[in-house]
file start-v7.txt (compact mmCIF, N, CA, C and O atoms)
# COMPACT_ATOMS: atom_id res chain seq x y z
N MET A 1 -10.99 -8.66 -0.31
CA MET A 1 -9.80 -7.87 -0.14
C MET A 1 -8.56 -8.67 -0.54
O MET A 1 -7.61 -8.09 -1.03
N ILE A 2 -8.60 -9.96 -0.32
CA ILE A 2 -7.46 -10.81 -0.69
C ILE A 2 -7.20 -10.70 -2.19
O ILE A 2 -6.04 -10.61 -2.61
N GLU A 3 -8.26 -10.67 -2.97
CA GLU A 3 -8.11 -10.56 -4.42
C GLU A 3 -7.43 -9.25 -4.81
O GLU A 3 -6.59 -9.23 -5.72
N THR A 4 -7.77 -8.17 -4.14
CA THR A 4 -7.14 -6.88 -4.42
C THR A 4 -5.65 -6.94 -4.10
O THR A 4 -4.82 -6.48 -4.89
N CYS A 5 -5.30 -7.53 -2.97
CA CYS A 5 -3.88 -7.65 -2.59
C CYS A 5 -3.13 -8.54 -3.57
O CYS A 5 -2.02 -8.21 -3.98
N GLU A 6 -3.74 -9.65 -3.95
CA GLU A 6 -3.09 -10.55 -4.90
C GLU A 6 -2.93 -9.88 -6.26
O GLU A 6 -1.95 -10.12 -6.97
N GLY A 7 -3.87 -9.02 -6.63
CA GLY A 7 -3.78 -8.31 -7.90
C GLY A 7 -2.60 -7.36 -7.98
O GLY A 7 -2.14 -7.01 -9.07
N LEU A 8 -2.08 -6.95 -6.83
CA LEU A 8 -0.90 -6.08 -6.82
C LEU A 8 0.32 -6.77 -7.40
O LEU A 8 1.23 -6.12 -7.90
N ALA A 9 0.34 -8.10 -7.37
CA ALA A 9 1.46 -8.84 -7.96
C ALA A 9 1.51 -8.63 -9.47
O ALA A 9 2.59 -8.60 -10.06
N LEU A 10 0.34 -8.48 -10.09
CA LEU A 10 0.28 -8.26 -11.54
C LEU A 10 0.55 -6.81 -11.93
O LEU A 10 1.18 -6.54 -12.94
N PHE A 11 0.05 -5.89 -11.12
CA PHE A 11 0.19 -4.46 -11.40
C PHE A 11 0.69 -3.74 -10.14
O PHE A 11 -0.06 -2.99 -9.52
N PRO A 12 1.93 -3.95 -9.76
CA PRO A 12 2.41 -3.41 -8.48
C PRO A 12 2.51 -1.89 -8.41
O PRO A 12 2.49 -1.33 -7.32
N LEU A 13 2.57 -1.23 -9.54
CA LEU A 13 2.72 0.23 -9.50
C LEU A 13 1.40 0.96 -9.72
O LEU A 13 1.38 2.15 -9.95
N ARG A 14 0.28 0.25 -9.60
CA ARG A 14 -1.02 0.87 -9.86
C ARG A 14 -1.43 1.84 -8.76
O ARG A 14 -2.21 2.74 -8.99
N GLY A 15 -0.95 1.67 -7.58
CA GLY A 15 -1.31 2.55 -6.48
C GLY A 15 -0.60 3.89 -6.57
O GLY A 15 0.26 4.11 -7.42
N VAL A 16 -0.94 4.77 -5.67
CA VAL A 16 -0.38 6.11 -5.61
C VAL A 16 0.88 6.09 -4.75
O VAL A 16 0.87 5.57 -3.63
N SER A 17 1.94 6.66 -5.26
CA SER A 17 3.18 6.77 -4.49
C SER A 17 2.99 7.75 -3.34
O SER A 17 2.45 8.84 -3.53
N ARG A 18 3.43 7.37 -2.14
CA ARG A 18 3.34 8.25 -0.96
C ARG A 18 4.70 8.33 -0.28
O ARG A 18 4.83 8.11 0.92
N VAL A 19 5.74 8.65 -1.06
CA VAL A 19 7.08 8.78 -0.49
C VAL A 19 7.17 9.95 0.49
O VAL A 19 8.14 10.05 1.23
N ASP A 20 6.15 10.81 0.50
CA ASP A 20 6.11 11.90 1.48
C ASP A 20 5.92 11.36 2.89
O ASP A 20 6.26 12.01 3.87
N ILE A 21 5.39 10.13 3.00
CA ILE A 21 5.17 9.50 4.30
C ILE A 21 6.30 8.52 4.61
O ILE A 21 6.81 8.50 5.72
N ARG A 22 6.69 7.73 3.61
CA ARG A 22 7.68 6.67 3.82
C ARG A 22 8.26 6.28 2.47
O ARG A 22 7.52 6.11 1.51
N MET A 23 9.56 6.11 2.39
CA MET A 23 10.20 5.74 1.13
C MET A 23 9.63 4.42 0.61
O MET A 23 9.51 3.46 1.36
N GLY A 24 9.26 4.41 -0.67
CA GLY A 24 8.76 3.21 -1.30
C GLY A 24 7.29 2.91 -1.04
O GLY A 24 6.75 1.95 -1.58
N LEU A 25 6.63 3.72 -0.23
CA LEU A 25 5.23 3.47 0.11
C LEU A 25 4.31 3.79 -1.06
O LEU A 25 4.45 4.81 -1.73
N ARG A 26 3.37 2.89 -1.29
CA ARG A 26 2.30 3.09 -2.27
C ARG A 26 1.00 2.73 -1.57
O ARG A 26 0.99 1.89 -0.66
N VAL A 27 -0.09 3.35 -1.99
CA VAL A 27 -1.40 3.02 -1.43
C VAL A 27 -2.40 2.84 -2.56
O VAL A 27 -2.31 3.47 -3.61
N THR A 28 -3.35 1.95 -2.32
CA THR A 28 -4.46 1.75 -3.23
C THR A 28 -5.70 1.55 -2.38
O THR A 28 -5.60 1.27 -1.18
N HIS A 29 -6.85 1.70 -2.98
CA HIS A 29 -8.10 1.57 -2.26
C HIS A 29 -8.81 0.27 -2.58
O HIS A 29 -8.67 -0.26 -3.68
N HIS A 30 -9.55 -0.21 -1.62
CA HIS A 30 -10.37 -1.40 -1.79
C HIS A 30 -11.79 -1.03 -1.39
O HIS A 30 -12.02 -0.61 -0.25
N LYS A 31 -12.70 -1.11 -2.32
CA LYS A 31 -14.11 -0.82 -2.08
C LYS A 31 -14.32 0.54 -1.40
O LYS A 31 -15.10 0.68 -0.46
N GLY A 32 -13.59 1.51 -1.84
CA GLY A 32 -13.82 2.89 -1.42
C GLY A 32 -13.21 3.35 -0.13
O GLY A 32 -12.44 4.28 -0.11
N ARG A 33 -13.48 2.68 0.98
CA ARG A 33 -13.07 3.22 2.28
C ARG A 33 -11.91 2.51 2.93
O ARG A 33 -11.46 2.92 4.00
N THR A 34 -11.42 1.47 2.33
CA THR A 34 -10.29 0.74 2.89
C THR A 34 -9.03 1.06 2.08
O THR A 34 -9.06 1.06 0.86
N VAL A 35 -7.95 1.35 2.77
CA VAL A 35 -6.68 1.67 2.12
C VAL A 35 -5.71 0.53 2.35
O VAL A 35 -5.52 0.08 3.49
N ILE A 36 -5.10 0.07 1.28
CA ILE A 36 -4.05 -0.96 1.37
C ILE A 36 -2.73 -0.26 1.13
O ILE A 36 -2.52 0.35 0.08
N ALA A 37 -1.87 -0.32 2.12
CA ALA A 37 -0.54 0.30 2.03
C ALA A 37 0.47 -0.79 1.75
O ALA A 37 0.46 -1.84 2.39
N TYR A 38 1.36 -0.54 0.78
CA TYR A 38 2.31 -1.57 0.40
C TYR A 38 3.59 -0.94 -0.16
O TYR A 38 3.63 0.26 -0.45
N ALA A 39 4.60 -1.76 -0.28
CA ALA A 39 5.87 -1.33 -0.87
C ALA A 39 6.24 -2.34 -1.95
O ALA A 39 5.90 -3.52 -1.86
N VAL A 40 6.95 -1.86 -2.96
CA VAL A 40 7.40 -2.72 -4.05
C VAL A 40 8.91 -2.69 -4.08
O VAL A 40 9.53 -1.62 -4.14
N ASP A 41 9.53 -3.87 -4.04
CA ASP A 41 10.98 -3.95 -4.17
C ASP A 41 11.34 -3.60 -5.61
O ASP A 41 10.84 -4.24 -6.54
N PRO A 42 12.18 -2.59 -5.82
CA PRO A 42 12.48 -2.15 -7.19
C PRO A 42 13.18 -3.19 -8.06
O PRO A 42 13.02 -3.19 -9.27
N GLU A 43 13.93 -4.09 -7.46
CA GLU A 43 14.66 -5.09 -8.23
C GLU A 43 13.79 -6.30 -8.57
O GLU A 43 13.70 -6.71 -9.72
N SER A 44 13.14 -6.86 -7.57
CA SER A 44 12.36 -8.08 -7.79
C SER A 44 10.90 -7.78 -8.13
O SER A 44 10.19 -8.68 -8.58
N ARG A 45 10.46 -6.54 -7.87
CA ARG A 45 9.06 -6.12 -8.02
C ARG A 45 8.14 -6.91 -7.08
O ARG A 45 6.94 -7.02 -7.31
N ARG A 46 8.71 -7.44 -6.02
CA ARG A 46 7.94 -8.15 -5.00
C ARG A 46 7.16 -7.14 -4.16
O ARG A 46 7.69 -6.11 -3.74
N VAL A 47 5.90 -7.45 -3.90
CA VAL A 47 5.02 -6.55 -3.14
C VAL A 47 4.96 -7.00 -1.69
O VAL A 47 4.77 -8.18 -1.40
N SER A 48 5.12 -6.05 -0.78
CA SER A 48 4.97 -6.31 0.66
C SER A 48 3.84 -5.45 1.18
O SER A 48 3.88 -4.21 1.08
N ILE A 49 2.80 -6.09 1.71
CA ILE A 49 1.67 -5.36 2.29
C ILE A 49 2.11 -4.84 3.65
O ILE A 49 2.51 -5.61 4.53
N LEU A 50 2.05 -3.54 3.85
CA LEU A 50 2.47 -2.93 5.11
C LEU A 50 1.31 -2.71 6.06
O LEU A 50 1.49 -2.64 7.26
N GLY A 51 0.12 -2.60 5.51
CA GLY A 51 -1.03 -2.39 6.37
C GLY A 51 -2.32 -2.26 5.59
O GLY A 51 -2.31 -1.93 4.40
N VAL A 52 -3.41 -2.54 6.27
CA VAL A 52 -4.75 -2.35 5.73
C VAL A 52 -5.45 -1.44 6.73
O VAL A 52 -5.57 -1.78 7.91
N LEU A 53 -5.87 -0.27 6.26
CA LEU A 53 -6.40 0.74 7.15
C LEU A 53 -7.76 1.24 6.68
O LEU A 53 -8.06 1.21 5.49
N TYR A 54 -8.53 1.73 7.62
CA TYR A 54 -9.77 2.41 7.31
C TYR A 54 -9.40 3.75 6.67
O TYR A 54 -8.47 4.42 7.13
N GLY A 55 -10.09 4.13 5.63
CA GLY A 55 -9.76 5.34 4.88
C GLY A 55 -9.67 6.61 5.69
O GLY A 55 -8.99 7.54 5.31
N GLY A 56 -10.34 6.68 6.83
CA GLY A 56 -10.31 7.88 7.65
C GLY A 56 -9.12 7.97 8.60
O GLY A 56 -8.92 8.98 9.25
N GLN A 57 -8.31 6.91 8.67
CA GLN A 57 -7.16 6.92 9.57
C GLN A 57 -6.08 7.86 9.07
O GLN A 57 -5.96 8.12 7.87
N ASP A 58 -5.26 8.33 9.97
CA ASP A 58 -4.14 9.19 9.64
C ASP A 58 -3.01 8.31 9.10
O ASP A 58 -2.30 7.65 9.87
N LEU A 59 -2.83 8.32 7.79
CA LEU A 59 -1.81 7.48 7.16
C LEU A 59 -0.41 7.86 7.62
O LEU A 59 0.44 7.00 7.80
N GLN A 60 -0.17 9.14 7.79
CA GLN A 60 1.15 9.62 8.20
C GLN A 60 1.58 8.98 9.52
O GLN A 60 2.68 8.49 9.65
N THR A 61 0.69 8.97 10.49
CA THR A 61 1.00 8.40 11.80
C THR A 61 1.12 6.89 11.74
O THR A 61 2.03 6.29 12.27
N ALA A 62 0.17 6.25 11.04
CA ALA A 62 0.13 4.80 10.99
C ALA A 62 1.27 4.19 10.21
O ALA A 62 1.72 3.08 10.52
N LEU A 63 1.79 4.89 9.21
CA LEU A 63 2.78 4.29 8.31
C LEU A 63 4.11 5.03 8.25
O LEU A 63 4.88 4.82 7.32
N ALA A 64 4.39 5.84 9.22
CA ALA A 64 5.65 6.57 9.23
C ALA A 64 6.82 5.59 9.21
O ALA A 64 6.71 4.45 9.63
N GLU A 65 7.94 6.04 8.71
CA GLU A 65 9.15 5.19 8.61
C GLU A 65 9.41 4.49 9.92
O GLU A 65 9.39 5.08 10.98
N GLY A 66 9.64 3.19 9.83
CA GLY A 66 9.93 2.39 11.00
C GLY A 66 8.72 1.75 11.63
O GLY A 66 8.84 0.85 12.43
N GLY A 67 7.52 2.15 11.24
CA GLY A 67 6.32 1.56 11.80
C GLY A 67 5.48 0.92 10.71
O GLY A 67 5.67 1.16 9.55
N GLU A 68 4.60 0.04 11.12
CA GLU A 68 3.67 -0.59 10.20
C GLU A 68 2.29 -0.57 10.83
O GLU A 68 2.15 -0.50 12.04
N ALA A 69 1.28 -0.58 9.99
CA ALA A 69 -0.10 -0.51 10.49
C ALA A 69 -0.50 -1.80 11.16
O ALA A 69 -0.06 -2.85 10.86
call {"tool": "encode", "arguments": {"input": "start-v7.txt", "output": "structure tokens"}}
result
Amino acid sequence: MIETCEGLALFPLRGVSRVDIRMGLRVTHHKGRTVIAYAVDPESRRVSILGVLYGGQDLQTALAEGGEA
């Protein structure tokens, strides 16, 4: 999983945008059932991992604005 997170530094916009849940939120999958939630700073393109969740979790609740997984 560390390799997947580190790979976001090379391709930070590869995940799916989920601004419907939280501004700047993007998600990508790791080995099918794990979701990595992250944000990308638009100026520096720095990636911040916000949470690693089981794919069946409610992303809306876990990652709503102001909270982190």
call {"tool": "atom_distance", "arguments": {"input": "start-v7.txt", "atom1": "atom O of Phe11 in chain A", "atom2": "atom N of His30 in chain A"}}
result
12.7 Å
call {"tool": "residues_near_point", "arguments": {"input": "start-v7.txt", "point": "(-12.7, 7.2, 4.8)", "cutoff": "5 Å", "atoms": "all atoms listed in the file", "output": "count of residues only"}}
result
3
call {"tool": "closest_residue", "arguments": {"input": "start-v7.txt", "among": "A:Leu63, A:Met1, A:Leu25, A:Val19", "to": "Ser48 in chain A", "atoms": "all atoms listed in the file"}}
result
A:Leu25
call {"tool": "select_by_dssp", "arguments": {"input": "start-v7.txt", "residues": "chain A", "states": "alpha helix (DSSP H)", "output": "PyMOL selection string"}}
result
chain A and resi 2-7+59-63
call {"tool": "atom_distance", "arguments": {"input": "start-v7.txt", "atom1": "atom O of Arg14 in chain A", "atom2": "atom O of Ile49 in chain A"}}
result
16.6 Å
call {"tool": "atom_distance", "arguments": {"input": "start-v7.txt", "atom1": "atom C of Ala37 in chain A", "atom2": "atom C of Gly7 in chain A"}}
result
12.1 Å
call {"tool": "select_by_dssp", "arguments": {"input": "start-v7.txt", "residues": "chain A", "states": "strand (DSSP E or B)", "output": "list in words"}}
result
Val16, Ser17, Leu25, Arg26, Val27, Thr28, His29, His30, Thr34, Val35, Ile36, Ala37, Tyr38, Ala39, Val40, Val47, Ser48, Ile49, Leu50, Gly51, Val52, Leu53 and Tyr54 of chain A
call {"tool": "residues_around", "arguments": {"input": "start-v7.txt", "residues": "Val40 in chain A", "least_positions_apart": "4", "cutoff": "8 Å", "atoms": "only C-alpha atoms", "output": "PyMOL selection string"}}
result
chain A and resi 12-13+24-26+45-48
call {"tool": "closest_residue", "arguments": {"input": "start-v7.txt", "among": "A:Asp20, A:Cys5, A:Leu10, A:Thr61", "to": "Val35 in chain A", "atoms": "only C-alpha atoms"}}
result
A:Cys5
call {"tool": "closest_residue", "arguments": {"input": "start-v7.txt", "among": "A:Ile2, A:Ala9, A:Met23, A:Gly15", "to": "Ala64 in chain A", "atoms": "all atoms listed in the file"}}
result
A:Met23
call {"tool": "decode", "arguments": {"input": "start-v7.txt", "residues": "range 38-68 of chain A", "atoms": "N, CA, C and O atoms", "output": "CSV table (one decimal), in the first residue's frame"}}
result
chain,number,residue,atom,x,y,z
A,38,TYR,N,-7.4,11.1,-0.6
A,38,TYR,CA,-6.3,12.1,-0.5
A,38,TYR,C,-6.7,13.4,-1.2
A,38,TYR,O,-7.7,13.5,-1.8
A,39,ALA,N,-5.9,14.4,-0.9
A,39,ALA,CA,-6.1,15.8,-1.5
A,39,ALA,C,-4.8,16.2,-2.1
A,39,ALA,O,-3.7,15.9,-1.7
A,40,VAL,N,-5.0,17.0,-3.2
A,40,VAL,CA,-3.8,17.6,-3.9
A,40,VAL,C,-3.8,19.1,-3.8
A,40,VAL,O,-4.8,19.7,-4.1
A,41,ASP,N,-2.7,19.7,-3.3
A,41,ASP,CA,-2.6,21.1,-3.3
A,41,ASP,C,-2.5,21.6,-4.7
A,41,ASP,O,-1.6,21.2,-5.4
A,42,PRO,N,-3.4,22.5,-5.2
A,42,PRO,CA,-3.3,22.9,-6.6
A,42,PRO,C,-2.1,23.7,-7.0
A,42,PRO,O,-1.7,23.6,-8.1
A,43,GLU,N,-1.5,24.3,-6.0
A,43,GLU,CA,-0.3,25.1,-6.4
A,43,GLU,C,1.0,24.3,-6.4
A,43,GLU,O,1.8,24.3,-7.3
A,44,SER,N,1.2,23.5,-5.3
A,44,SER,CA,2.4,22.7,-5.1
A,44,SER,C,2.3,21.3,-5.7
A,44,SER,O,3.3,20.6,-5.9
A,45,ARG,N,1.0,20.9,-5.9
A,45,ARG,CA,0.7,19.5,-6.3
A,45,ARG,C,1.2,18.5,-5.2
A,45,ARG,O,1.4,17.3,-5.5
A,46,ARG,N,1.3,19.0,-4.0
A,46,ARG,CA,1.6,18.1,-2.9
A,46,ARG,C,0.4,17.3,-2.5
A,46,ARG,O,-0.7,17.8,-2.4
A,47,VAL,N,0.6,16.0,-2.3
A,47,VAL,CA,-0.4,15.0,-1.9
A,47,VAL,C,-0.5,14.8,-0.4
A,47,VAL,O,0.5,14.6,0.2
A,48,SER,N,-1.7,14.9,0.1
A,48,SER,CA,-2.0,14.7,1.5
A,48,SER,C,-2.9,13.5,1.6
A,48,SER,O,-4.1,13.6,1.1
A,49,ILE,N,-2.5,12.4,2.3
A,49,ILE,CA,-3.3,11.2,2.4
A,49,ILE,C,-4.3,11.6,3.6
A,49,ILE,O,-3.9,11.9,4.7
A,50,LEU,N,-5.6,11.5,3.3
A,50,LEU,CA,-6.6,11.8,4.3
A,50,LEU,C,-7.1,10.6,5.1
A,50,LEU,O,-7.6,10.7,6.2
A,51,GLY,N,-7.0,9.5,4.4
A,51,GLY,CA,-7.5,8.2,5.0
A,51,GLY,C,-7.3,7.0,4.1
A,51,GLY,O,-7.2,7.2,2.9
A,52,VAL,N,-7.3,5.9,4.8
A,52,VAL,CA,-7.2,4.6,4.1
A,52,VAL,C,-8.4,3.8,4.7
A,52,VAL,O,-8.5,3.6,5.9
A,53,LEU,N,-9.4,3.5,3.8
A,53,LEU,CA,-10.6,2.9,4.2
A,53,LEU,C,-10.9,1.6,3.5
A,53,LEU,O,-10.5,1.4,2.4
A,54,TYR,N,-11.7,0.7,4.2
A,54,TYR,CA,-12.2,-0.5,3.5
A,54,TYR,C,-13.2,0.0,2.5
A,54,TYR,O,-14.0,0.9,2.8
A,55,GLY,N,-13.2,-0.6,1.4
A,55,GLY,CA,-14.1,-0.2,0.3
A,55,GLY,C,-15.6,-0.2,0.6
A,55,GLY,O,-16.4,0.6,0.0
A,56,GLY,N,-16.0,-0.9,1.6
A,56,GLY,CA,-17.4,-1.0,2.0
A,56,GLY,C,-17.9,0.2,2.9
A,56,GLY,O,-19.0,0.3,3.2
A,57,GLN,N,-16.9,0.9,3.4
A,57,GLN,CA,-17.2,2.0,4.4
A,57,GLN,C,-18.0,3.1,3.7
A,57,GLN,O,-17.8,3.4,2.5
A,58,ASP,N,-18.7,3.9,4.4
A,58,ASP,CA,-19.4,5.0,4.0
A,58,ASP,C,-18.4,6.2,3.8
A,58,ASP,O,-18.1,6.8,4.8
A,59,LEU,N,-18.0,6.5,2.6
A,59,LEU,CA,-17.0,7.6,2.4
A,59,LEU,C,-17.6,8.9,2.8
A,59,LEU,O,-16.8,9.7,3.4
A,60,GLN,N,-18.8,9.2,2.6
A,60,GLN,CA,-19.4,10.4,2.9
A,60,GLN,C,-19.3,10.7,4.4
A,60,GLN,O,-18.9,11.8,4.8
A,61,THR,N,-19.6,9.8,5.2
A,61,THR,CA,-19.5,10.0,6.7
A,61,THR,C,-18.0,10.1,7.2
A,61,THR,O,-17.7,10.9,7.9
A,62,ALA,N,-17.2,9.2,6.6
A,62,ALA,CA,-15.8,9.1,7.1
A,62,ALA,C,-15.0,10.3,6.6
A,62,ALA,O,-14.1,10.7,7.3
A,63,LEU,N,-15.3,10.9,5.5
A,63,LEU,CA,-14.5,12.0,5.0
A,63,LEU,C,-15.2,13.3,4.8
A,63,LEU,O,-14.7,14.2,4.0
A,64,ALA,N,-16.3,13.5,5.4
A,64,ALA,CA,-17.0,14.8,5.3
A,64,ALA,C,-16.1,15.9,5.7
A,64,ALA,O,-15.1,15.8,6.5
A,65,GLU,N,-16.3,17.1,5.2
A,65,GLU,CA,-15.5,18.3,5.5
A,65,GLU,C,-15.3,18.4,7.0
A,65,GLU,O,-16.2,18.3,7.8
A,66,GLY,N,-14.0,18.7,7.4
A,66,GLY,CA,-13.7,18.8,8.8
A,66,GLY,C,-13.3,17.6,9.4
A,66,GLY,O,-12.7,17.6,10.5
A,67,GLY,N,-13.5,16.4,8.8
A,67,GLY,CA,-13.1,15.1,9.5
A,67,GLY,C,-12.1,14.4,8.6
A,67,GLY,O,-12.0,14.7,7.4
A,68,GLU,N,-11.4,13.5,9.2
A,68,GLU,CA,-10.5,12.6,8.4
A,68,GLU,C,-10.7,11.2,8.9
A,68,GLU,O,-11.2,10.9,10.0
